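Heads up: the structure comes next, in structure tokens.
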Amino acid sequence: IVRQLTFLPENNSSVVGNTGNTPLSPLAVTIYPNPARDEFTVSFTKPEGAPVHYEISDALGRAVARGETDQNVLTLSASNLPSGVLLLRVEGNRVEQTRRFVVAK
């Protein structure tokens with residue numbers, strides 16, 4: 001069974017650095033399967049050409065993985081990640097989202 005979670009911004013609290021009058025596009029993030037075992041997929045709804053920076057942190061806030069992509073979909077390995085609840089923070093086009101997911105080995 002694949003569980004798919006889609007998270008959309010509930011308000012503008014996730015907007016970082018908006019100093020102009022132009023509304024920012026929301027950065028939608030989908031993580032599946034959740035819980036992840038061997039690998040998991042992260043997809044982004046983002047403006048074309050805007051890179052997305054991501055960081056995965058453990059429950060204590062220590063970064064365990066990070067990267068950047070121009071793609072809308074990433075498949076990441078869970079083999080080097082610790083088991084338990086992790087945080088995925090993504091930032092693109094001056095919009096930031098943080099989501100929880102579980103790695104179960």
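Going through the structure tokens in order, the chains are called A, B, and so on, while each chain numbers its residues from 1 and the ligands are numbered from 1 in the order shown.
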
For the strand (DSSP E or B) assignment from backbone DSSP, which residues of range 49-81 of chain A qualify? Please present them as a ChimeraX atom specification. /A:52-57,63-69,73-77

Extract, using only C-alpha atoms, all DNA, RNA and protein residues at most 6 Å from Arg37 in chain A, discarding same-chain residues fewer than 4 positions from it, and format them as a PyMOL selection string. chain A and resi 103-105

Test item: residues at most 9 Å from Gln71 in chain A, only C-alpha atoms, excluding those fewer than 3 positions along its chain, as a PyMOL selection string: chain A and resi 43-44+49+51-52+74

Output for the residues just chosen: N, CA, C and O atoms as a JSON list (two decimals), in the first residue's frame:
[["chain", "number", "residue", "atom", "x", "y", "z"],
["A", 43, "SER", "N", 8.03, 15.04, -4.59],
["A", 43, "SER", "CA", 7.70, 15.82, -5.78],
["A", 43, "SER", "C", 7.34, 17.24, -5.37],
["A", 43, "SER", "O", 6.84, 17.48, -4.27],
["A", 44, "PHE", "N", 7.63, 18.17, -6.26],
["A", 44, "PHE", "CA", 7.45, 19.59, -5.99],
["A", 44, "PHE", "C", 6.56, 20.20, -7.06],
["A", 44, "PHE", "O", 6.69, 19.87, -8.23],
["A", 49, "GLY", "N", 12.12, 26.36, -13.97],
["A", 49, "GLY", "CA", 13.45, 26.94, -13.93],
["A", 49, "GLY", "C", 13.93, 27.35, -12.56],
["A", 49, "GLY", "O", 15.08, 27.73, -12.40],
["A", 51, "PRO", "N", 15.30, 26.49, -9.05],
["A", 51, "PRO", "CA", 15.85, 25.34, -8.33],
["A", 51, "PRO", "C", 15.21, 25.20, -6.95],
["A", 51, "PRO", "O", 14.72, 26.17, -6.37],
["A", 52, "VAL", "N", 15.19, 23.99, -6.45],
["A", 52, "VAL", "CA", 14.69, 23.69, -5.11],
["A", 52, "VAL", "C", 15.87, 23.19, -4.29],
["A", 52, "VAL", "O", 16.60, 22.30, -4.71],
["A", 74, "LEU", "N", 12.05, 13.84, -7.18],
["A", 74, "LEU", "CA", 13.29, 13.22, -6.72],
["A", 74, "LEU", "C", 12.97, 11.87, -6.12],
["A", 74, "LEU", "O", 12.00, 11.73, -5.38]]

Please determine, counting only C-alpha atoms, which residue among A:Ala78, A:Leu27, A:Pro35, A:Arg66 has the shortest atom-to-atom distance to Glu96 in chain A.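 Closest residue, counting only C-alpha atoms: A:Leu27.
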
Please, what distance in Å, to one decimal, runs between CA of Asn34 in chain A and CA of Asn80 in chain A?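 Between CA of Asn34 in chain A and CA of Asn80 in chain A the gap is 16.4 Å.
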
Range 59-62 of chain A environment, 8 Å, only C-alpha atoms, sequence neighbours closer than 6 positions dropped, as a ChimeraX atom specification: /A:85-87

Would you mind exporting the chosen residues as a short mmCIF file (atom, residue, chain, number, x, y, z; two decimals), in the first residue's frame, restricted to N, CA, C and O atoms?
data_model
loop_
_atom_site.label_atom_id
_atom_site.label_comp_id
_atom_site.auth_asym_id
_atom_site.auth_seq_id
_atom_site.Cartn_x
_atom_site.Cartn_y
_atom_site.Cartn_z
N VAL A 85 11.26 9.59 12.87
CA VAL A 85 10.65 10.77 12.27
C VAL A 85 11.74 11.73 11.82
O VAL A 85 12.64 12.07 12.59
N LEU A 86 11.66 12.14 10.56
CA LEU A 86 12.62 13.08 9.99
C LEU A 86 11.87 14.29 9.45
O LEU A 86 10.67 14.23 9.21
N LEU A 87 12.58 15.39 9.28
CA LEU A 87 12.01 16.60 8.72
C LEU A 87 12.64 16.87 7.36
O LEU A 87 13.86 16.83 7.23
#

How far is it from CA of Val29 in chain A to CA of Val73 in chain A, in Å with one decimal? 9.8 Å

Using only C-alpha atoms, find the one residue out of A:Ala50, A:Arg89, A:Val102, A:Ala28 that sits nearest to Ala65 in chain A. A:Arg89

What's the separation between CA of Glu91 in chain A and CA of His53 in chain A, in Å to one decimal place? 5.2 Å

For Ser79 in chain A, which residue among A:Gly92, A:Gln97, A:Glu55, A:Ala36 is the nearest when counting only C-alpha atoms?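 Smallest separation from Ser79 in chain A among the options: A:Ala36.
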